[in-house]
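The file model39.cif comes next; it holds mmCIF, C-alpha atoms and all ligand atoms.
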data_protein
#
loop_
_atom_site.label_atom_id
_atom_site.label_comp_id
_atom_site.auth_asym_id
_atom_site.auth_seq_id
_atom_site.Cartn_x
_atom_site.Cartn_y
_atom_site.Cartn_z
CA MET A 262 96.28 134.06 102.53
CA LEU A 263 97.36 137.51 101.50
CA ILE A 264 96.91 138.99 104.92
CA ARG A 265 100.39 138.01 106.14
CA LYS A 266 103.43 137.68 103.93
CA PRO A 267 105.43 134.45 104.23
CA ALA A 268 108.03 136.19 106.39
CA ASP A 269 105.26 136.89 108.91
CA LEU A 270 103.89 133.34 109.13
CA ARG A 271 103.74 131.83 112.59
CA TYR A 272 105.42 128.56 113.51
CA SER A 273 102.06 126.82 113.36
CA ASP A 274 101.45 128.28 109.89
CA VAL A 275 104.54 126.78 108.34
CA THR A 276 104.81 123.58 110.35
CA PRO A 277 102.68 120.50 109.77
CA LYS A 278 100.34 119.83 112.68
CA SER A 279 101.82 116.39 113.31
CA ILE A 280 105.17 118.01 114.01
CA TYR A 281 103.93 120.57 116.48
CA GLN A 282 101.54 118.05 118.06
CA ASN A 283 104.47 115.76 118.67
CA ARG A 284 106.17 118.70 120.28
CA ARG A 285 103.11 119.20 122.51
CA ARG A 286 103.06 115.51 123.38
CA PHE A 287 106.71 115.78 124.30
CA LEU A 288 106.00 118.88 126.41
CA SER A 289 103.00 117.22 128.08
CA SER A 290 104.97 114.16 129.08
CA SER A 291 107.45 116.40 130.85
CA LEU A 292 104.68 118.39 132.60
CA GLY A 293 103.47 115.63 134.86
CA VAL A 294 100.34 113.45 134.81
CA ALA A 295 97.62 116.13 135.15
CA GLY A 296 99.04 118.38 132.45
CA ALA A 297 99.73 115.42 130.21
CA GLY A 298 96.06 114.36 130.39
CA ILE A 299 94.71 117.69 129.20
CA VAL A 300 97.25 118.54 126.52
CA GLY A 301 97.47 114.94 125.32
CA ALA A 302 93.70 114.59 124.89
CA TRP A 303 93.58 117.79 122.81
CA ALA A 304 96.52 116.69 120.72
CA LEU A 305 94.98 113.34 119.90
CA SER A 306 91.50 114.48 118.87
CA PRO A 307 91.48 117.89 117.24
CA ASN A 308 89.75 116.57 114.21
CA ALA A 309 86.96 114.25 115.21
CA PHE A 310 84.49 114.92 112.38
CA ALA A 311 82.32 112.20 111.00
CA THR A 312 83.59 110.91 107.69
CA THR A 313 82.50 107.63 106.15
CA LYS A 314 84.34 105.12 104.02
CA ILE A 315 83.77 105.27 100.27
CA ALA A 316 83.75 101.79 98.78
CA GLY A 317 84.23 100.65 95.20
CA THR A 318 86.49 103.39 93.86
CA VAL A 319 88.58 102.70 90.77
CA LYS A 320 92.13 103.84 90.15
CA GLY A 321 92.09 107.01 88.08
CA PRO A 322 94.63 108.43 85.61
CA PHE A 323 97.37 111.04 86.20
CA ASN A 324 98.48 109.61 89.58
CA THR A 325 101.81 110.74 90.93
CA ASP A 326 103.92 108.15 92.73
CA GLU A 327 105.35 110.78 95.09
CA LYS A 328 105.06 110.13 98.81
CA LEU A 329 101.57 110.86 100.14
CA THR A 330 101.30 113.65 102.70
CA PRO A 331 100.03 112.14 105.98
CA LYS A 332 96.25 112.44 106.39
CA GLU A 333 96.79 114.19 109.71
CA ASP A 334 98.60 117.05 107.94
CA ILE A 335 96.13 117.29 105.03
CA THR A 336 93.20 117.55 107.46
CA THR A 337 94.67 119.87 110.10
CA TYR A 338 96.66 122.39 108.03
CA ASN A 339 94.01 124.11 105.92
CA ASN A 340 92.89 127.25 104.20
CA TYR A 341 89.14 127.69 104.60
CA TYR A 342 88.64 131.32 105.55
CA GLU A 343 84.95 130.88 106.33
CA PHE A 344 86.14 128.93 109.41
CA GLY A 345 89.08 131.15 110.43
CA THR A 346 92.27 132.42 108.84
CA GLY A 347 94.74 130.35 110.89
CA LYS A 348 95.88 127.07 109.38
CA ASP A 349 94.64 125.09 112.40
CA GLU A 350 91.27 126.86 112.66
CA PRO A 351 89.20 125.07 109.98
CA ALA A 352 89.85 121.68 111.61
CA ARG A 353 88.65 123.08 114.93
CA ASN A 354 85.71 125.14 113.67
CA ALA A 355 84.22 123.48 110.59
CA HIS A 356 82.07 121.06 112.60
CA THR A 357 79.32 123.70 112.33
CA LEU A 358 79.01 123.07 108.59
CA ARG A 359 75.96 120.91 107.77
CA THR A 360 76.80 118.81 104.72
CA SER A 361 73.57 116.88 104.47
CA PRO A 362 71.15 117.57 102.91
CA TRP A 363 73.20 119.29 100.19
CA GLN A 364 72.41 120.47 96.69
CA VAL A 365 74.48 121.78 93.80
CA GLN A 366 72.59 123.94 91.35
CA VAL A 367 74.02 123.91 87.81
CA ALA A 368 72.58 126.59 85.51
CA GLY A 369 73.38 129.41 83.10
CA LEU A 370 74.19 128.87 79.42
CA VAL A 371 73.13 125.22 79.32
CA GLY A 372 70.48 123.16 77.59
CA LYS A 373 69.43 121.22 80.69
CA ALA A 374 69.83 123.16 83.93
CA LYS A 375 69.75 120.76 86.85
CA THR A 376 69.98 120.65 90.64
CA PHE A 377 71.86 117.64 91.96
CA ASP A 378 71.44 116.29 95.47
CA LEU A 379 74.28 114.37 97.08
CA ASP A 380 73.00 110.94 96.05
CA ALA A 381 72.81 112.08 92.42
CA ILE A 382 76.29 113.63 92.66
CA MET A 383 77.79 110.36 93.87
CA LYS A 384 76.33 108.62 90.80
CA ILE A 385 77.41 111.05 88.07
CA ALA A 386 80.43 108.91 87.16
CA PRO A 387 82.46 106.07 88.72
CA LEU A 388 84.40 107.42 91.69
CA GLU A 389 88.14 107.38 91.08
CA GLU A 390 91.14 107.72 93.34
CA ARG A 391 93.45 110.41 91.95
CA ILE A 392 96.76 111.12 93.65
CA TYR A 393 97.54 114.75 92.85
CA ARG A 394 100.07 117.34 93.94
CA HIS A 395 98.48 120.49 95.43
CA ARG A 396 100.56 123.71 95.49
CA CYS A 397 99.32 126.68 97.51
CA VAL A 398 100.28 130.19 96.39
CA GLU A 399 101.77 130.58 99.89
CA ARG A 400 104.54 128.10 98.91
CA TRP A 401 103.45 124.99 100.80
CA SER A 402 102.45 121.84 98.97
CA ILE A 403 100.93 118.43 99.66
CA VAL A 404 100.27 115.15 97.83
CA VAL A 405 96.65 114.06 98.27
CA PRO A 406 94.83 110.81 97.39
CA TRP A 407 91.52 112.43 96.37
CA ILE A 408 88.34 110.55 95.51
CA GLY A 409 86.21 112.14 92.85
CA PHE A 410 85.14 112.28 89.24
CA PRO A 411 85.91 114.54 86.28
CA LEU A 412 84.20 117.94 86.38
CA ALA A 413 83.54 117.35 82.65
CA ALA A 414 81.18 114.46 83.51
CA LEU A 415 78.89 116.82 85.46
CA LEU A 416 79.10 119.57 82.83
CA LYS A 417 78.19 117.18 80.01
CA GLN A 418 74.96 116.25 81.84
CA VAL A 419 73.73 119.87 81.65
CA GLU A 420 74.72 120.34 77.99
CA PRO A 421 76.57 123.70 77.85
CA ASN A 422 75.51 125.74 74.81
CA SER A 423 77.87 127.39 72.31
CA LYS A 424 77.83 130.74 74.17
CA ALA A 425 79.23 129.18 77.36
CA LYS A 426 82.88 130.27 77.61
CA TYR A 427 83.47 130.12 81.38
CA VAL A 428 82.35 128.14 84.41
CA ALA A 429 81.69 130.01 87.69
CA PHE A 430 81.66 128.25 91.08
CA GLN A 431 80.23 129.37 94.41
CA THR A 432 80.73 128.10 97.97
CA LEU A 433 77.92 127.91 100.49
CA HIS A 434 77.44 131.21 102.31
CA ASP A 435 75.65 130.87 105.63
CA PRO A 436 76.87 133.10 108.47
CA LYS A 437 75.09 130.83 110.98
CA GLN A 438 77.17 127.83 109.92
CA MET A 439 80.24 129.95 109.16
CA PRO A 440 80.26 132.54 111.96
CA LEU A 441 83.93 133.47 111.44
CA GLY A 442 83.36 134.35 107.78
CA GLY A 443 82.67 137.97 108.68
CA GLN A 444 86.23 138.33 110.02
CA ALA A 445 87.91 136.67 107.02
CA GLY A 446 88.78 139.91 105.21
CA ILE A 447 87.41 138.58 101.92
CA GLN A 448 84.04 139.09 100.29
CA LEU A 449 81.78 136.05 100.72
CA PRO A 450 80.49 133.81 99.26
CA TYR A 451 83.85 132.51 98.02
CA VAL A 452 83.71 132.37 94.23
CA GLU A 453 86.01 130.91 91.59
CA GLY A 454 86.06 130.32 87.86
CA LEU A 455 87.65 128.44 84.98
CA ARG A 456 87.62 128.87 81.22
CA ILE A 457 85.38 126.16 79.78
CA ASP A 458 88.23 124.25 78.13
CA GLU A 459 90.05 124.19 81.48
CA ALA A 460 86.89 122.94 83.16
CA MET A 461 86.45 120.21 80.56
CA HIS A 462 90.07 119.07 80.89
CA PRO A 463 90.24 115.50 82.26
CA LEU A 464 92.59 116.59 85.08
CA ALA A 465 89.95 118.91 86.59
CA LEU A 466 88.28 116.96 89.37
CA LEU A 467 85.25 117.30 91.59
CA ALA A 468 86.39 115.66 94.82
CA VAL A 469 84.03 114.07 97.34
CA GLY A 470 86.65 112.32 99.46
CA LEU A 471 90.27 111.77 100.41
CA TYR A 472 92.21 108.88 101.88
CA GLY A 473 89.31 106.47 101.13
CA GLU A 474 86.67 108.46 103.06
CA THR A 475 84.25 111.30 102.48
CA LEU A 476 85.83 114.76 102.73
CA PRO A 477 86.32 116.19 106.21
CA ASN A 478 84.46 119.50 106.52
CA GLN A 479 87.69 121.49 106.69
CA ASN A 480 88.77 120.10 103.31
CA GLY A 481 85.58 121.25 101.59
CA ALA A 482 82.86 118.70 102.27
CA PRO A 483 80.77 117.47 100.70
CA ILE A 484 82.10 118.45 97.25
CA ARG A 485 84.98 120.67 96.10
CA LEU A 486 86.97 121.46 93.01
CA VAL A 487 90.57 120.24 92.50
CA VAL A 488 92.58 121.90 89.73
CA PRO A 489 96.11 120.59 90.35
CA TRP A 490 97.99 122.74 87.80
CA LYS A 491 96.76 125.98 89.40
CA TYR A 492 97.49 127.57 92.77
CA GLY A 493 95.35 126.03 95.50
CA PHE A 494 92.98 128.99 95.90
CA LYS A 495 91.34 128.04 92.57
CA SER A 496 90.22 124.75 94.19
CA ILE A 497 87.01 126.09 95.75
CA LYS A 498 85.41 124.17 98.62
CA SER A 499 81.84 123.17 99.57
CA ILE A 500 80.29 124.09 96.21
CA VAL A 501 76.57 124.92 96.01
CA LYS A 502 76.33 126.60 92.61
CA ILE A 503 77.94 126.21 89.17
CA THR A 504 77.02 128.68 86.43
CA LEU A 505 78.04 128.59 82.77
CA THR A 506 78.71 132.15 81.58
CA GLU A 507 79.76 134.07 78.50
CA SER A 508 82.11 136.48 80.29
CA MET A 509 84.95 135.86 82.71
CA PRO A 510 83.45 135.46 86.20
CA PRO A 511 84.77 137.31 89.26
CA THR A 512 87.03 135.28 91.59
CA THR A 513 87.50 135.86 95.31
CA TRP A 514 91.24 136.56 95.50
CA ASN A 515 91.17 138.65 92.34
CA ILE A 516 88.38 140.77 93.87
CA THR A 517 90.46 141.05 97.05
CA ASN A 518 93.73 142.01 95.37
CA ALA A 519 93.79 142.01 91.57
CA ARG A 520 97.49 142.96 91.42
CA GLU A 521 98.48 139.82 93.30
CA TYR A 522 95.97 137.18 92.15
CA GLY A 523 94.96 136.70 88.53
CA PHE A 524 92.13 134.70 87.02
CA TYR A 525 94.38 132.01 85.55
CA SER A 526 96.87 131.57 88.42
CA ASN A 527 98.66 128.60 86.89
CA VAL A 528 101.55 127.41 89.04
CA ASN A 529 104.59 129.14 87.56
CA PRO A 530 108.02 129.30 89.22
CA GLU A 531 109.11 131.92 86.66
CA VAL A 532 106.55 134.49 87.79
CA ASP A 533 107.02 135.71 91.34
CA HIS A 534 104.19 136.75 93.54
CA PRO A 535 104.61 140.53 93.94
CA ARG A 536 105.74 139.92 97.54
CA TRP A 537 107.64 136.62 97.36
CA SER A 538 109.38 134.23 95.00
CA GLN A 539 107.44 131.27 93.61
CA ALA A 540 110.59 129.38 92.56
CA THR A 541 110.45 126.98 95.49
CA GLU A 542 107.95 125.36 97.84
CA ARG A 543 107.88 123.39 101.07
CA ARG A 544 106.20 119.99 101.02
CA LEU A 545 104.43 119.64 104.38
CA GLY A 546 106.43 117.26 106.55
CA GLU A 547 109.72 117.95 104.75
CA LEU A 548 112.48 120.18 106.04
CA PHE A 549 113.98 121.60 102.85
CA MET A 550 112.41 123.70 100.15
CA LYS A 551 112.13 122.05 96.74
CA LYS A 552 111.94 123.52 93.26
CA THR A 553 108.47 124.37 92.01
CA VAL A 554 107.65 122.94 88.59
CA LYS A 555 105.69 124.87 85.96
CA PHE A 556 102.00 123.89 85.91
CA ASN A 557 102.83 122.00 89.13
CA GLY A 558 104.30 119.23 86.95
CA TYR A 559 101.18 118.82 84.76
CA GLY A 560 102.55 120.76 81.76
CA GLU A 561 102.43 117.76 79.46
CA GLN A 562 98.68 117.57 80.00
CA VAL A 563 97.70 121.26 80.13
CA ALA A 564 100.33 123.52 78.50
CA SER A 565 98.48 123.39 75.16
CA LEU A 566 95.47 125.10 76.77
CA TYR A 567 97.56 128.27 76.92
CA THR A 568 99.24 128.30 73.49
CA GLY A 569 99.76 131.89 72.35
CA MET A 570 99.08 133.37 75.79
CA ASP A 571 101.74 135.37 77.61
CA LEU A 572 101.89 133.35 80.80
CA ARG A 573 103.87 136.09 82.54
CA LYS A 574 100.83 138.33 82.25
CA ASN A 575 98.44 135.72 83.55
CA TYR A 576 99.71 135.39 87.03
N1 LIG B 601 87.47 127.53 99.32
C1 LIG B 601 86.75 128.31 100.16
N2 LIG B 601 85.42 128.29 100.08
N3 LIG B 601 87.34 129.10 101.09
C2 LIG B 601 88.71 129.17 101.20
O1 LIG B 601 89.21 129.92 102.06
N4 LIG B 601 90.88 128.42 100.34
C3 LIG B 601 91.57 128.02 99.11
C4 LIG B 601 91.01 126.71 98.55
N5 LIG B 601 89.56 126.73 98.55
C5 LIG B 601 89.50 128.38 100.31
C6 LIG B 601 88.83 127.54 99.39
C7 LIG B 601 93.02 127.88 99.31
S1 LIG B 601 93.89 129.34 99.48
C8 LIG B 601 93.65 126.68 99.28
S2 LIG B 601 95.37 126.57 99.28
C9 LIG B 601 92.90 125.42 99.28
O2 LIG B 601 91.48 125.62 99.34
C10 LIG B 601 93.31 124.61 100.50
O3 LIG B 601 92.71 123.35 100.49
P1 LIG B 601 93.01 122.34 101.69
O4 LIG B 601 92.73 123.10 102.96
O5 LIG B 601 92.09 121.17 101.50
O6 LIG B 601 94.47 121.96 101.57
#
Just give me the structure as structure tokens.
Amino acid sequence: MLIRKPADLRYSDVTPKSIYQNRRRFLSSSLGVAGAGIVGAWALSPNAFATTKIAGTVKGPFNTDEKLTPKEDITTYNNYYEFGTGKDEPARNAHTLRTSPWQVQVAGLVGKAKTFDLDAIMKIAPLEERIYRHRCVERWSIVVPWIGFPLAALLKQVEPNSKAKYVAFQTLHDPKQMPLGGQAGIQLPYVEGLRIDEAMHPLALLAVGLYGETLPNQNGAPIRLVVPWKYGFKSIKSIVKITLTESMPPTTWNITNAREYGFYSNVNPEVDHPRWSQATERRLGELFMKKTVKFNGYGEQVASLYTGMDLRKNY
């Protein structure tokens, strides 16, 4: 993420996979039958992970009616450094992640600490489809039909006590399943955090699926956070631990480069990244840059969380 500046991004970094795969298909068809077989087979199945349909979801609130980003792009253009730092690497490498059995331990400043297995997680609240915008700090964005439930529903089950001011999240850390993690240039496990009122906000989602199916590994299976008004790096993947704390928890990109990545990291076109402007973004699959909207367009819902704060200082 911070390792290359946008000016250094490769073609495959800034181009949706479907576009450069089409280019490969075009190239393969002009290479003759043998070449076409090899390149074509790769192009058609880079992403053959087992996902299963999720039935019985209900339509959730806050849905945008903007055009959905094709599933192919959402699942092949990823940031998941534990599986490689290139955008196409997680889709190729994350098959080594074992997502079952899986447990999420929820502890800290709570009345009823609890460890949830996957079956229990799926029953915490009715599963909703929520169509959210997702804006990466690197200036690309997507529109995703997530399946999930409010983070608040899980937190209420463990009864946070009055000292709990923050919620800390942790991704699985297993070098055997994530052998490329050691080359990621970030300290692992990946960790993130929210203030408790942010975590309790009805927009904050724990996602278990997208496009009607369980999450592909590269998108953070089996359970990840989605905080659509913040830059994408806050939306931590493959969560194994949630801890309620009194003080602000450390977060991966802030540990890596505190000058460039703050704890809050709300989407804000008025505050540039120290190395690039945040005024515009590229929606994957679209040619032209578009204007970035403050709080990624969710200001009506979340701006009041930050009353009295100098948002310029909370990059
Ligand atoms: N979570 C973990 N564990 N590791 C990561 O590298 N990358 C973050 C976030 N969550 C990341 C992570 C970043 S920078 C972004 S933009 C989003 O995941 C990307 O989510 P997506 O690949 O599903 O679009």
Using only C-alpha atoms and all ligand atoms, find each protein or nucleic acid residue lying at most 8 Å from ligand LIG 601 (chain B); present the set as a ChimeraX atom specification.
-> /A:262,335-336,338-343,346,395-399,403,431-433,450-452,479-481,485,492-500
Extract, using only C-alpha atoms, all DNA, RNA and protein residues at most 6 Å from Pro406 of chain A, discarding same-chain residues fewer than 4 positions from it, and format them as a PyMOL selection string.
-> chain A and resi 391-392+471-472
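Distances here use all atoms listed in the file; by that measure, the residue among A:Ala429, A:Ile484, A:Thr513, A:Thr475 closest to Leu449 of chain A is A:Thr513.
Between atom CA of Thr318 of chain A and atom CA of Tyr393 of chain A lies a distance of 15.9 Å.
Minimum atom-to-atom distances from A:Gly443, A:Lys437, A:Lys424, A:Val528 to Ile457 of chain A were compared using only C-alpha atoms, and the lowest value belongs to A:Lys424.
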Can I get the residues of segment 407-520 of chain A within 10 Å of segment 566-571 of chain A, each with the closest pair of atoms and their distance in Å to one decimal, using all atoms listed in the file, sorted chain first then ascending number, as CSV?
residue,atom,partner,partner_atom,distance
A:Arg456,CA,A:Leu566,CA,9.8
A:Asp458,CA,A:Leu566,CA,7.4
A:Glu459,CA,A:Leu566,CA,7.2
A:His462,CA,A:Leu566,CA,9.1
A:Leu467, A:Ala381, A:Val367, A:Met550 ranked by distance to Glu420 of chain A, top pick (using only C-alpha atoms) = A:Val367
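Minimum distance to Leu545 of chain A across A:Gln364, A:Arg353, A:Arg394, A:Gly321 (counting all atoms listed in the file) occurs at A:Arg394.
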Counting all atoms listed in the file, closest pick from A:Trp537, A:Glu507, A:Val419, A:Lys348 relative to Glu521 of chain A is A:Trp537
Pairwise distance, atom CA of Asn354 of chain A with atom CA of Thr312 of chain A, equals 15.6 Å
Mind giving me the straight-line distance from atom CA of Gln444 of chain A to atom CA of Thr360 of chain A in Å, one decimal?
-> 22.3 Å
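When only C-alpha atoms are used to measure the gap to Thr506 of chain A, the shortest distance among A:Gln539, A:Thr357, A:Gln366, A:Asn422 belongs to A:Asn422.
Look at Thr313 of chain A: the protein and nucleic acid residues within 9 Å of it, using all atoms listed in the file and passing over chain neighbours fewer than 3 places away, are Gly473, Glu474, Thr475 and Leu476 of chain A.
For Arg400 of chain A, the non-local neighbours within 8 Å, defined as residues at least 6 positions apart in the same chain or in other chains and counting all atoms listed in the file, are Gln539, Thr541, Glu542 and Arg543 of chain A.
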